[in-house]
Every structure is written in C-alpha cells, then in structure tokens.
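Below is one structure, written out as structure tokens; the observations come after it.
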Amino acid sequence: MNARDTLARIQALPAPPRPIRVLNVCGGHERSITELGLRSLLPNWVQLIPGPGCPVCVCPEKAIHQAIQMALQHPLTLVAFGDMLRVPVNVNKGDANSLAAARAQGADIRPIASPLEVIALARSLAPRPLVFFVAGFETTLAPVAAMLAEADLPANLFLLLAGRRTWPAVEFLLQAGSSFEAMIAPGHVAAIMGANEWRFVAKKYALPVAVSGFAADSLLAGLHTVLHHALQHEAALDNAYPAVVKADGNPQAQTLLAKAFDIVDAPWRGIGSIPASGYRLTSQHAARDASLQFPVAINGHKRSGQMPAGCDCAAVLLAHKRPNECRLYGCACTPESPIGPCMVSDEGACHIWWRAGERVATA
Ligand code: SF4
C-alpha cells in the first residue's frame, strides 16, 4: 500500500479518549518524521515522541574527554565521525572542551564519514598510530566488526570504543515507567539483529511495536499497525520493513559482532549506566584497544558525566521532554552555537527540529 493510502487509513482510525504516544527510538526516524511533516498530517490524538537513538548524544563524556586527551598527549592521529568533533563536554577551565577545540590546540584529529575510510587512512599514515573513535549503535559496530575480521588489518590501527546497543535503552525506559503507548523500532538495526529482538516490548511490556524503514511508506505502515493495535489494547510485534528486515536478522553480521565484542554494562550520557548496553573489544583484540595502548590522565570535573548546565538533552533522550520544551532551545542553543549534543548531531532531536524550521519554544 502506498504512503498516501496508509495515511488515509490512519486518519480514518477512531479517535480514542486520550492521545496515543508513539516512541521512535532512532534519530533517522525522527529526521524522516520531521522532514516529511508527519506530525502535522496525523490526527491530533497521535503524539510522535523522539527517544534515545542518537549515538553522538548519548556518548559518555568520559569517552570524549579520553579521546581529546589521547590526541593531545600522544603522537597519533585520531578519527571520528564528523558530528562528534563539535560535541562539548564539561572540562576544567582552559582545557579543550571538544575534539574540535583539541584540534585547534594542535592535535591531529580528522573527521570521517564512514568506517570504510579508516583502513586506507591507516595504511597511508603508517607507522604513525591511527585511533578510530567509534561511537555508534549496531549499524556502526557491525562494519567495525567486519573490519576486525580482515586478515591484513594495518598494525597501526587502534580502536577507542563507545559502541552501544539499542534495545537495552528501550528496556531501560520501559522499566522506568513508560511514557508511551506504542513504539516504532529502527529498521536498520533490525536488519542486522532481527525483528524478533523487539518482541520483548510486546511480550514483557504489553505494548505494540513495529519495525519500520525510513521512507514514508514503511514509516506510515509501522505507525498504522501500532496505532491500530493500541486502539484495540493489543500487544504485537509487526515488521513494516519486510524487504530489508528478516525475523532473525543477518546471522553473519551477528557472528562477526560476537567475535569482535563482549557485551558489557555501559554509561549513557545524561542517563547513567544501562545493563548490557555496551560493546567492549574481546581479549583477542586487546592489542588494538587504544585505551590500553595509549593511556591518558584525565582530570575530574565536578559536572563530569552530566549534560551542560541548563540543557535538557537527558530529558529529551528519555522521551520526557520535546526539544522545544528546553528553555535554551533556539535562544542560547542553536546548531551554529550548540550547548548540548542533541543540537550538534544530525541525529539529535533538537538539531532535527531546528533545521526543519521549528522555531516555537514552549518552555
Ligand atoms: S536545545 Fe540545546 S540545550 Fe536544550 S536540550 Fe537541546 S541541545 Fe540541550
């Protein structure tokens, strides 16, 4: 069914007495929803809520600070995804408060757009060490795991890992008391890990969930199915992205992930530690662990681990606030002059809303 027809079916659903809140986990979904203007097209009883799926936003301060100091204290080159360079962290006065600031102080820090660039760059720089600062979800970690499986990986390539798993963050929200009645699960993560990974939302928490892609037809199909189930008070898992997502995902990619990484409890910036939500290099790859090979001294800061003062990113990531409910939205904090990570990253909800033209602050 095409997007227009699915939208008409959603508009024809009977209005419930109370709004139905639908969480989207992924920054890519939030970008599609906002750019397509879906909020203005859906009935007013449907509330679409952005959630924790921005890897740059949840990357722990300690990891960013470690990357900054590693690049400043050791003769090496550090690469990271472009967004990450501008993320500000709490530091002591005079210290570099972002990777971009460290670069301005002379550190060799370079942006990359894809993990595929890393091997060629390492070869071109050899024997100078190249540290790949990896912040991302399963979709980023799977190609990194494939890279680690390559036979002739350059000896000068090291990883500083801040990888996170998506579903434990959703379970964390649900255990804390869900503020939503239905959920759209990320199609690209499910393409790797399988639609079945999200079955716990229906089985354990009795909520409807649908795996969706990022184009209007799949997104609206996912929204229609979860709204239909929510109106019937039914819990179910649906796959609205069947051309890409299989029930059990991509077994080959899952095997590579299991060989490359152990699963560990991990901190999420502004949220805290979430059980089994992080990746760590297995002992087999310890020689490529930049945190072991290039130790750094990090001075503590009293706000270390927190969001910047006045920034509501944590509440936005936890789906407790909309971006424009932050009192800094659009005044002190804009993409040109970001205060928090949600305004820096392309996948941050504040950045997406501002870029899409949302200028009404409601705080
Ligand atoms: S508008 Fe800026 S300060 Fe407020 S939550 Fe978003 S990123 Fe943080």
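Chain labels follow the order of the structure tokens: the first chain is A, the next B, and so on; residue numbering restarts at 1 in every chain, and ligands are counted from 1 in their shown order.
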Residues of chain A within 7 Å of ligand 1: nearest atom pair and distance (Å, one decimal) for each, counting only C-alpha atoms and all ligand atoms, sorted by chain and number, as a Markdown table?
```
| residue | atom | partner | partner_atom_place_in_ligand_line | distance |
| --- | --- | --- | --- | --- |
| A:Gly310 | CA | ligand 1 | 3 (S) | 6.4 |
| A:Cys311 | CA | ligand 1 | 3 (S) | 3.6 |
| A:Asp312 | CA | ligand 1 | 5 (S) | 3.8 |
| A:Cys313 | CA | ligand 1 | 5 (S) | 3.8 |
| A:Val316 | CA | ligand 1 | 5 (S) | 6.4 |
| A:Pro323 | CA | ligand 1 | 6 (Fe) | 5.5 |
| A:Asn324 | CA | ligand 1 | 1 (S) | 6.7 |
| A:Cys326 | CA | ligand 1 | 4 (Fe) | 4.6 |
| A:Arg327 | CA | ligand 1 | 4 (Fe) | 6.5 |
| A:Leu328 | CA | ligand 1 | 4 (Fe) | 4.8 |
| A:Tyr329 | CA | ligand 1 | 1 (S) | 3.6 |
| A:Gly330 | CA | ligand 1 | 1 (S) | 6.5 |
| A:Cys333 | CA | ligand 1 | 2 (Fe) | 4.6 |
| A:Thr334 | CA | ligand 1 | 2 (Fe) | 6.7 |
| A:Pro338 | CA | ligand 1 | 2 (Fe) | 6.0 |
| A:Ile339 | CA | ligand 1 | 3 (S) | 4.9 |
| A:Gly340 | CA | ligand 1 | 7 (S) | 3.6 |
| A:Pro341 | CA | ligand 1 | 7 (S) | 5.4 |
| A:Cys342 | CA | ligand 1 | 7 (S) | 4.2 |
| A:Met343 | CA | ligand 1 | 7 (S) | 4.1 |
| A:Cys350 | CA | ligand 1 | 6 (Fe) | 4.7 |
```
Nearby residues (only C-alpha atoms) at most 7 Å from Pro115 (chain A), same-chain spacing under 3 positions excluded, as a PyMOL selection string: chain A and resi 118+143-144
Nearby residues (only C-alpha atoms) at most 9 Å from Ala63 (chain A), same-chain spacing under 5 positions excluded, as a ChimeraX atom specification: /A:68,133,160-162
Glu61 (chain A) surroundings by only C-alpha atoms, 10 Å radius, close-in-sequence under 5 positions cut, as a list in words: Gln66, Ala67, Val87, Pro88, Val89, Asn90, Val91, Ser98, Pro267, Trp268, Arg269, Gly270, Arg303, Ser304, Gly305, Gln306 and Met307 of chain A
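Residue nearest Tyr241 (chain A) within the list A:Val209, A:Ile49, A:Ala349, A:Ala221: A:Ala221 [criterion: smallest interatomic distance, only C-alpha atoms].
Of the residues under consideration (A:Gly194, A:Leu13, A:Gly163, A:Arg21), A:Gly194 shows the shortest atom-to-atom contact distance to Asn250 (chain A) when counting only C-alpha atoms.
Each of A:Arg31, A:Ser124, A:Val201, A:Ser345 was compared to Leu85 (chain A) using only C-alpha atoms, and A:Ser345 turns out to be the nearest.
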Strand (DSSP E or B) per DSSP on the backbone: members of region 121-176 of chain A, as number ranges by chain: A: 130-136, 157-164
Option closest in space to Leu7 (chain A), from A:Thr225, A:Thr77, A:Gln252, A:Ser277 [counting only C-alpha atoms]: A:Thr225
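Neighbours of Ala319 (chain A) closer than or equal to 8 Å, with only C-alpha atoms counted and sequence neighbours fewer than 5 positions away skipped, come out as Leu23, Ile49, Pro50, Gly51, Pro52 and Ser179 of chain A.
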Between CA of Ser40 (chain A) and CA of Pro14 (chain A) - distance in Å to one decimal: 17.7 Å
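Here the alpha helix (DSSP H) residues in region 248-350 of chain A, by DSSP on the backbone, are Pro251, Gln252, Ala253, Gln254, Thr255, Leu256, Leu257, Ala258, Lys259, Ala260, Ala290, Ser291, Leu292, Gln293, Cys313, Ala314, Ala315, Val316, Leu317, Ala349 and Cys350 of chain A.
Nearest-residue note for Pro60 (chain A): choosing from A:His188, A:His233, A:His224, A:Arg164, the minimum distance belongs to A:Arg164, counting only C-alpha atoms.
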Residue among A:Leu207, A:Leu121, A:Leu227, A:Ala100 lying closest to Ala12 (chain A), counting only C-alpha atoms: A:Leu227
Contact residues around Arg110 (chain A) with only C-alpha atoms at 7 Å, ignoring same-chain residues under 3 positions, as a CSV table (one decimal) with N, CA and C atoms, in the first residue's frame:
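Result file part.csv:
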```
chain,number,residue,atom,x,y,z
A,78,LEU,N,43.8,10.8,15.3
A,78,LEU,CA,42.5,10.3,15.8
A,78,LEU,C,41.4,10.7,14.8
A,79,VAL,N,40.6,9.7,14.4
A,79,VAL,CA,39.5,10.0,13.5
A,79,VAL,C,38.2,9.7,14.2
A,80,ALA,N,37.2,10.4,13.9
A,80,ALA,CA,35.8,10.2,14.5
A,80,ALA,C,34.8,10.7,13.5
```
Within 12 Å of Asp108 (chain A) using only C-alpha atoms, minus same-chain residues under 2 positions, as a VMD selection string: chain A and resid 67 to 80 85 99 to 106 110 to 111 125 128 to 131
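One finds CA of Ala135 (chain A) at 29.6 Å from CA of Arg39 (chain A).
Rounded to one decimal, CA of Gln11 (chain A) and CA of Leu41 (chain A) lie 8.6 Å from each other.
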